[in-house]
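S.K.: Before we start, here is the structure in question, set down as structure tokens.
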Amino acid sequence: MENLLKLYTTKHLLFALLIVAALVFPLVASTYTLRIITMCCIWSMLAIALNLIVGYTGQGNLGLGAFFGMGAYTTGLLMVKLGLNFWLALIIALALTVILAVLIGLPTLRTKGAYFAIATLCFNIIFTTVVIQWDALTKGQTGLMNIPNVPAIPLPFGGQIDFHESLAANYYLVLIFLILTIVVIYRIVNSLTGKSFLAVRQDEDLAEAIGINTFRAKLLSFTVSAFIAGLAGGLYAVYLGFIAPAITSYGITFTAILYVVVGGAATVAGPIVGSFLLTVIGEQLTAFGTLHLIIYGVLVVLSIIYLPMGLVGAYQMFWPQIWQKMKRGKVHAA
Amino acid sequence: MLLKVDNLVKSFGGLVAIDALDLQVNKGEIFSIIGPNGAGKTTLFNVISGKYRPSSGKITFEGKDITGLKPYNIARRGIARTFQVTAVFSQFTVFENIVIGHQLHAKSGMFGAVFGTGQAHKDARESREKSEKILEFTGLTDISDKPIANTTQEERKRLSIGLALATDPKLILLDEPVSGVNMQEMDGIIDLIRKIRDAGITVCLIEHKMRVVMGISDRILAINYGKKIAEGTVKEVSSNQQVIDAYLGVKDAA
Ligand SMILES: Nc1ncnc2c1ncn2[C@@H]1O[C@H](COP(=O)(O)OP(=O)(O)OP(=O)(O)O)[C@@H](O)[C@H]1O
Ligand SMILES: [Mg+2]
């Protein structure tokens, strides 16, 4: 029990330290680094979304890119076409993303395994095609440009947070949403609802037999996942100010899958670790020119072969054993 | 009368697995179902528990029609079951298995957990308390933190029963709960089944081992090819000529 308490508090201490580090980061980082880390935060949110439905609930959703795109395009279009401010646009975009998720989830979640993966992949391809073809609305392949910034937030003691000038302001905005997402996900996966998602992944028949409405659980997980993906999309649109159809495609989902697998599926930290690591490594490798994708691919494959549970999964698996050994070593030494 | 099955039929394509079957389970008894391999015993459980829809017929539980309801709904009405191939959540610990077994009683949902409402805390606490009781009842307290990978077959058998009990059922359907365990372990599980009955939960049991069935049952139903061949007390059924021919006789010859 005492050990458990220690473990619990170390976990929270670590989380608090990481947040402090993230808060002071813009003071020491270059513009270039800050840009990359902001993108890492956005990809982390997408990977967290994927991890909920795929990692925790075991449903191979290959349509998450469409929900990321839905969040991005709806936010962008409402701001550009209707002149809504970011906050209002984001709220409406998220509401529409949730509605779309329920409409897509209701039929596709009746299928299982590979059929569900194919059904959601088809949905995503249709979605991207619509975005490309609906030129009048989306500007098609050209992409949607000049999405305005987040409106400046006036400070109580004079001055304002200006999202037009300050990169740090945008970084903080994305960071706050990432932290909120982590807290929400942490609470969900540690709740009975989260455990019922894990139960559905392990054995659907048994889950039903103990009173879990497995279809409802899957739909809930699918919708929350789409909501988080849509939020990441909305932030992406306002942060970059430009979006193109490629960000709605299934390629986005596959990128997120890599992040989750390398970081550790069905863990809270896994998708974040994976997103940061692979994005940063990917950036560093661009120095190798065209070779970089090959090296990147080899690294990912190696990590999947040797760490099938991902970095965080392996840590959770082996750390208690190493810890035990260390403790025993100390006792012997004493 | 707790459970009533009327004129139940379940066919798979051309194969009639349950053929116009009637049965009644009374409150507080241990009701056993026997029959040779492929007689339709597991199929009967699958239909009662909602895993399969019946082809025709009616199932009544506590006077209410439950025919064709989904398994989760049937579980919520108070019918729990175990599976012939022992099923537990293999990536959970023993304790986590029992906790999730009790989740159908939680009044709060996902939003309660996200906002940390009082009800959510209450639900979590109640499910932990209930789980500790179930662990105690099923004799699993000592291995409560074990991952499933490190448990024995007997422990998994007990756990699968505990998981069913965690739903707080009025009727529990046990599909061959003592298959694959040794004699001594078997006696332990038989005691557990008696204890469940004595705790006021009605037990419906599928079992091949005659020694077990004859020793524990209040009443027995014998089926073959999905049809009833006998129903009654241990004495009545064991002296039934059809049962001896179809089941006991075959066993003895084997
Ligand atoms: N899902 C299914 N699809 C097709 N046939 C099935 C299905 N489930 C069971 N059957 C058939 O129904 C018949 C009854 O099977 P059931 O599993 O109910 O027998 P049982 O009495 O439980 O036998 P055992 O003692 O071997 O467990 C068998 O002929 C079986 O092959
Ligand atoms: Mg069977």
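Identifiers in this document derive from the order of the structure tokens: chains are assigned A, B, ..., residues are numbered from 1 separately in each chain, and ligands are numbered from 1 in order of occurrence.
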Within 12 Å of ligand 2, counting only C-alpha atoms and all ligand atoms: which residues, as an NGL selection string?

M.R.: :B and (17 or 33-46 or 82-86 or 174-177 or 179 or 205-208 or 226)

S.K.: Using only C-alpha atoms, determine which residues of chain B fall within 7 Å of chain A; present them as a JSON list (two decimals) with all heavy atoms, in the first residue's frame.

M.R.:
[["chain", "number", "residue", "atom", "x", "y", "z"],
["B", 71, "PRO", "N", -28.04, -10.00, -24.72],
["B", 71, "PRO", "CA", -27.39, -10.56, -23.53],
["B", 71, "PRO", "C", -27.19, -9.56, -22.40],
["B", 71, "PRO", "O", -27.43, -9.87, -21.23],
["B", 71, "PRO", "CB", -26.04, -11.02, -24.06],
["B", 71, "PRO", "CG", -26.22, -11.23, -25.51],
["B", 71, "PRO", "CD", -27.31, -10.30, -25.95],
["B", 72, "TYR", "N", -26.79, -8.32, -22.73],
["B", 72, "TYR", "CA", -26.51, -7.36, -21.65],
["B", 72, "TYR", "C", -27.78, -7.02, -20.88],
["B", 72, "TYR", "O", -27.77, -6.79, -19.68],
["B", 72, "TYR", "CB", -25.83, -6.10, -22.19],
["B", 72, "TYR", "CG", -26.72, -5.16, -22.94],
["B", 72, "TYR", "CD1", -27.45, -4.18, -22.28],
["B", 72, "TYR", "CD2", -26.85, -5.25, -24.32],
["B", 72, "TYR", "CE1", -28.29, -3.32, -22.96],
["B", 72, "TYR", "CE2", -27.67, -4.40, -25.02],
["B", 72, "TYR", "CZ", -28.39, -3.44, -24.34],
["B", 72, "TYR", "OH", -29.22, -2.61, -25.02],
["B", 73, "ASN", "N", -28.90, -7.03, -21.61],
["B", 73, "ASN", "CA", -30.19, -6.75, -21.00],
["B", 73, "ASN", "C", -30.62, -7.89, -20.08],
["B", 73, "ASN", "O", -31.18, -7.65, -19.01],
["B", 73, "ASN", "CB", -31.23, -6.58, -22.10],
["B", 73, "ASN", "CG", -31.81, -5.20, -22.09],
["B", 73, "ASN", "OD1", -31.97, -4.63, -21.01],
["B", 73, "ASN", "ND2", -32.11, -4.66, -23.25],
["B", 75, "ALA", "N", -28.57, -9.94, -18.61],
["B", 75, "ALA", "CA", -27.69, -9.87, -17.45],
["B", 75, "ALA", "C", -28.23, -8.84, -16.46],
["B", 75, "ALA", "O", -28.23, -9.06, -15.25],
["B", 75, "ALA", "CB", -26.27, -9.52, -17.88],
["B", 76, "ARG", "N", -28.70, -7.72, -16.97],
["B", 76, "ARG", "CA", -29.22, -6.67, -16.09],
["B", 76, "ARG", "C", -30.51, -7.07, -15.39],
["B", 76, "ARG", "O", -30.83, -6.54, -14.34],
["B", 76, "ARG", "CB", -29.43, -5.38, -16.89],
["B", 76, "ARG", "CG", -28.10, -4.74, -17.23],
["B", 76, "ARG", "CD", -28.23, -3.53, -18.12],
["B", 76, "ARG", "NE", -26.88, -3.14, -18.54],
["B", 76, "ARG", "CZ", -26.58, -1.95, -19.01],
["B", 76, "ARG", "NH1", -27.51, -1.03, -19.13],
["B", 76, "ARG", "NH2", -25.34, -1.68, -19.38],
["B", 80, "ALA", "N", -27.05, -14.43, -14.81],
["B", 80, "ALA", "CA", -25.62, -14.42, -15.13],
["B", 80, "ALA", "C", -25.25, -15.79, -15.67],
["B", 80, "ALA", "O", -25.97, -16.76, -15.46],
["B", 80, "ALA", "CB", -24.81, -14.11, -13.88],
["B", 81, "ARG", "N", -24.13, -15.87, -16.37],
["B", 81, "ARG", "CA", -23.73, -17.16, -16.93],
["B", 81, "ARG", "C", -22.21, -17.30, -16.96],
["B", 81, "ARG", "O", -21.49, -16.31, -16.94],
["B", 81, "ARG", "CB", -24.25, -17.31, -18.35],
["B", 81, "ARG", "CG", -23.53, -16.38, -19.31],
["B", 81, "ARG", "CD", -23.79, -16.72, -20.76],
["B", 81, "ARG", "NE", -23.33, -18.05, -21.08],
["B", 81, "ARG", "CZ", -23.41, -18.59, -22.30],
["B", 81, "ARG", "NH1", -23.94, -17.90, -23.29],
["B", 81, "ARG", "NH2", -22.96, -19.79, -22.53],
["B", 87, "ALA", "N", -14.13, -18.46, -19.56],
["B", 87, "ALA", "CA", -13.86, -17.12, -20.08],
["B", 87, "ALA", "C", -13.71, -16.12, -18.94],
["B", 87, "ALA", "O", -14.60, -15.98, -18.10],
["B", 87, "ALA", "CB", -14.99, -16.69, -21.02],
["B", 89, "PHE", "N", -11.48, -12.06, -18.32],
["B", 89, "PHE", "CA", -10.76, -11.04, -19.07],
["B", 89, "PHE", "C", -9.26, -11.23, -18.84],
["B", 89, "PHE", "O", -8.75, -10.97, -17.75],
["B", 89, "PHE", "CB", -11.23, -9.65, -18.67],
["B", 89, "PHE", "CG", -12.65, -9.40, -19.05],
["B", 89, "PHE", "CD1", -13.64, -9.31, -18.08],
["B", 89, "PHE", "CD2", -13.03, -9.28, -20.38],
["B", 89, "PHE", "CE1", -14.96, -9.10, -18.42],
["B", 89, "PHE", "CE2", -14.35, -9.07, -20.74],
["B", 89, "PHE", "CZ", -15.32, -8.98, -19.76],
["B", 100, "ILE", "N", -15.13, -5.16, -12.89],
["B", 100, "ILE", "CA", -15.88, -4.89, -14.12],
["B", 100, "ILE", "C", -17.19, -5.70, -14.13],
["B", 100, "ILE", "O", -18.18, -5.28, -14.71],
["B", 100, "ILE", "CB", -15.02, -5.15, -15.38],
["B", 100, "ILE", "CG1", -15.66, -4.55, -16.63],
["B", 100, "ILE", "CG2", -14.76, -6.62, -15.62],
["B", 100, "ILE", "CD1", -15.73, -3.07, -16.62],
["B", 101, "GLY", "N", -17.18, -6.82, -13.42],
["B", 101, "GLY", "CA", -18.40, -7.62, -13.32],
["B", 101, "GLY", "C", -19.53, -6.88, -12.62],
["B", 101, "GLY", "O", -20.70, -7.14, -12.83],
["B", 103, "GLN", "N", -19.93, -3.55, -12.78],
["B", 103, "GLN", "CA", -20.14, -2.21, -13.33],
["B", 103, "GLN", "C", -21.57, -1.96, -13.81],
["B", 103, "GLN", "O", -21.98, -0.81, -13.90],
["B", 103, "GLN", "CB", -19.11, -1.90, -14.44],
["B", 103, "GLN", "CG", -19.35, -2.57, -15.78],
["B", 103, "GLN", "CD", -20.28, -1.81, -16.66],
["B", 103, "GLN", "OE1", -20.22, -0.59, -16.73],
["B", 103, "GLN", "NE2", -21.17, -2.52, -17.35],
["B", 104, "LEU", "N", -22.34, -3.00, -14.08],
["B", 104, "LEU", "CA", -23.71, -2.77, -14.55],
["B", 104, "LEU", "C", -24.58, -2.09, -13.49],
["B", 104, "LEU", "O", -25.64, -1.58, -13.80],
["B", 104, "LEU", "CB", -24.36, -4.06, -15.06],
["B", 104, "LEU", "CG", -24.84, -5.10, -14.08],
["B", 104, "LEU", "CD1", -25.60, -6.19, -14.82],
["B", 104, "LEU", "CD2", -23.72, -5.71, -13.31],
["B", 109, "GLY", "N", -21.97, 7.59, -15.38],
["B", 109, "GLY", "CA", -21.35, 7.14, -16.61],
["B", 109, "GLY", "C", -20.02, 7.84, -16.84],
["B", 109, "GLY", "O", -19.36, 8.26, -15.89],
["B", 110, "MET", "N", -19.66, 7.98, -18.12],
["B", 110, "MET", "CA", -18.39, 8.57, -18.47],
["B", 110, "MET", "C", -18.26, 10.02, -18.00],
["B", 110, "MET", "O", -17.21, 10.41, -17.49],
["B", 110, "MET", "CB", -18.22, 8.51, -19.99],
["B", 110, "MET", "CG", -16.88, 8.98, -20.46],
["B", 110, "MET", "SD", -16.81, 9.04, -22.24],
["B", 110, "MET", "CE", -17.81, 10.46, -22.57],
["B", 113, "ALA", "N", -17.37, 10.37, -14.44],
["B", 113, "ALA", "CA", -15.95, 10.11, -14.18],
["B", 113, "ALA", "C", -15.09, 11.30, -14.59],
["B", 113, "ALA", "O", -14.16, 11.70, -13.89],
["B", 113, "ALA", "CB", -15.51, 8.86, -14.95],
["B", 114, "VAL", "N", -15.42, 11.91, -15.73],
["B", 114, "VAL", "CA", -14.62, 13.04, -16.22],
["B", 114, "VAL", "C", -14.69, 14.22, -15.25],
["B", 114, "VAL", "O", -13.69, 14.86, -14.94],
["B", 114, "VAL", "CB", -15.09, 13.47, -17.63],
["B", 114, "VAL", "CG1", -14.47, 14.81, -18.04],
["B", 114, "VAL", "CG2", -14.73, 12.40, -18.65],
["B", 164, "ALA", "N", -19.44, -13.79, -12.73],
["B", 164, "ALA", "CA", -20.89, -13.87, -12.89],
["B", 164, "ALA", "C", -21.61, -13.40, -11.61],
["B", 164, "ALA", "O", -22.59, -12.67, -11.68],
["B", 164, "ALA", "CB", -21.30, -15.30, -13.23],
["B", 167, "THR", "N", -22.25, -9.61, -10.87],
["B", 167, "THR", "CA", -23.38, -8.90, -11.45],
["B", 167, "THR", "C", -24.60, -8.94, -10.53],
["B", 167, "THR", "O", -25.63, -8.37, -10.87],
["B", 167, "THR", "CB", -23.79, -9.51, -12.82],
["B", 167, "THR", "OG1", -24.28, -10.84, -12.60],
["B", 167, "THR", "CG2", -22.62, -9.56, -13.79]]

S.K.: Using only C-alpha atoms, which protein or nucleic acid residues come within 12 Å of Ile252 (chain A)? Drop anything in the same chain fewer than 2 positions from it, and give the result as an MDAnalysis selection string.

M.R.: chainID A and resid 43 46:47 50 62:69 121 124:125 128 229 232:233 245:250 254:259

S.K.: Please measure the separation of CA of Thr38 (chain A) and CA of Tyr236 (chain A), giving the value in Å to one decimal.

M.R.: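 CA of Tyr236 (chain A) lies 9.5 Å from CA of Thr38 (chain A).
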
S.K.: Just to confirm, what's the straight-line distance from CA of Lys112 (chain A) to CA of Thr267 (chain A) in Å (one decimal)?

M.R.: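 Here the two named atoms are 22.9 Å from each other.
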
S.K.: Can you check which residues of region 13-193 of chain B DSSP gives as helix (DSSP H, G or I) on the backbone and send them as a PyMOL selection string?

M.R.: chain B and resi 41-48+71-77+94-101+103-105+110-115+118-138+141-143+148-150+153-165+183-193

S.K.: Those same residues, written as a tab-separated table (two decimals), in the first residue's frame with C-alpha atoms?

M.R.:
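What ended up in result.tsv:
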chain	number	residue	atom	x	y	z
B	41	LYS	CA	-27.18	-28.07	-23.38
B	42	THR	CA	-24.85	-25.17	-24.18
B	43	THR	CA	-27.20	-24.02	-26.92
B	44	LEU	CA	-30.00	-23.89	-24.34
B	45	PHE	CA	-27.84	-21.58	-22.16
B	46	ASN	CA	-26.95	-19.48	-25.19
B	47	VAL	CA	-30.63	-18.99	-25.99
B	48	ILE	CA	-31.68	-18.25	-22.40
B	71	PRO	CA	-27.39	-10.56	-23.53
B	72	TYR	CA	-26.51	-7.36	-21.65
B	73	ASN	CA	-30.19	-6.75	-21.00
B	74	ILE	CA	-30.71	-10.27	-19.72
B	75	ALA	CA	-27.69	-9.87	-17.45
B	76	ARG	CA	-29.22	-6.67	-16.09
B	77	ARG	CA	-32.44	-8.47	-15.33
B	94	VAL	CA	-8.33	-11.13	-10.75
B	95	PHE	CA	-9.59	-8.07	-8.86
B	96	GLU	CA	-10.17	-6.00	-12.02
B	97	ASN	CA	-12.21	-8.86	-13.45
B	98	ILE	CA	-14.59	-8.81	-10.50
B	99	VAL	CA	-14.79	-5.00	-10.49
B	100	ILE	CA	-15.88	-4.89	-14.12
B	101	GLY	CA	-18.40	-7.62	-13.32
B	103	GLN	CA	-20.14	-2.21	-13.33
B	104	LEU	CA	-23.71	-2.77	-14.55
B	105	HIS	CA	-24.86	-1.40	-11.18
B	110	MET	CA	-18.39	8.57	-18.47
B	111	PHE	CA	-19.23	12.20	-17.76
B	112	GLY	CA	-19.48	11.47	-14.07
B	113	ALA	CA	-15.95	10.11	-14.18
B	114	VAL	CA	-14.62	13.04	-16.22
B	115	PHE	CA	-16.06	15.63	-13.85
B	118	GLY	CA	-19.84	12.31	-6.03
B	119	GLN	CA	-21.92	9.59	-7.66
B	120	ALA	CA	-18.90	8.42	-9.68
B	121	HIS	CA	-16.78	8.15	-6.54
B	122	LYS	CA	-19.62	6.34	-4.80
B	123	ASP	CA	-19.96	3.88	-7.69
B	124	ALA	CA	-16.23	3.20	-7.72
B	125	ARG	CA	-16.18	2.66	-3.97
B	126	GLU	CA	-19.22	0.38	-4.03
B	127	SER	CA	-17.81	-1.74	-6.82
B	128	ARG	CA	-14.55	-2.14	-4.88
B	129	GLU	CA	-16.38	-3.11	-1.71
B	130	LYS	CA	-18.62	-5.53	-3.55
B	131	SER	CA	-15.59	-7.03	-5.28
B	132	GLU	CA	-13.85	-7.68	-2.01
B	133	LYS	CA	-16.92	-9.56	-0.79
B	134	ILE	CA	-17.05	-11.63	-3.96
B	135	LEU	CA	-13.32	-12.43	-3.73
B	136	GLU	CA	-13.87	-13.60	-0.18
B	137	PHE	CA	-16.94	-15.63	-1.16
B	138	THR	CA	-15.17	-17.38	-4.03
B	141	THR	CA	-8.78	-12.97	-1.91
B	142	ASP	CA	-5.19	-14.19	-1.75
B	143	ILE	CA	-4.66	-13.98	-5.49
B	148	ILE	CA	-4.64	-13.94	-15.30
B	149	ALA	CA	-1.57	-15.34	-17.04
B	150	ASN	CA	-0.27	-16.52	-13.64
B	153	GLN	CA	-7.21	-23.52	-14.36
B	154	GLU	CA	-9.05	-23.94	-11.07
B	155	GLU	CA	-8.53	-20.30	-10.13
B	156	ARG	CA	-9.84	-19.23	-13.51
B	157	LYS	CA	-12.90	-21.49	-13.04
B	158	ARG	CA	-13.58	-19.86	-9.68
B	159	LEU	CA	-12.99	-16.42	-11.14
B	160	SER	CA	-15.41	-17.00	-13.99
B	161	ILE	CA	-18.04	-17.88	-11.38
B	162	GLY	CA	-17.04	-14.83	-9.31
B	163	LEU	CA	-17.35	-12.62	-12.39
B	164	ALA	CA	-20.89	-13.87	-12.89
B	165	LEU	CA	-21.69	-13.40	-9.20
B	183	MET	CA	-10.71	-34.27	-7.69
B	184	GLN	CA	-9.80	-32.12	-4.74
B	185	GLU	CA	-10.34	-28.87	-6.61
B	186	MET	CA	-13.61	-30.27	-7.87
B	187	ASP	CA	-14.91	-30.73	-4.32
B	188	GLY	CA	-14.01	-27.14	-3.57
B	189	ILE	CA	-16.01	-25.85	-6.52
B	190	ILE	CA	-18.96	-28.09	-5.65
B	191	ASP	CA	-18.94	-26.58	-2.17
B	192	LEU	CA	-18.91	-23.15	-3.77
B	193	ILE	CA	-21.95	-24.02	-5.89

S.K.: Using only C-alpha atoms and all ligand atoms, which of B:Thr233, B:Asn26, B:Thr60, B:Asn224 sits nearest ligand 1?

M.R.: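 With only C-alpha atoms and all ligand atoms as the atom set, the closest residue is B:Asn224.
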
S.K.: CA of Ala217 (chain A) and CA of Met317 (chain A), how far apart in Å?

M.R.: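 Interatomic distance, CA of Met317 (chain A) to CA of Ala217 (chain A): 27.3 Å.
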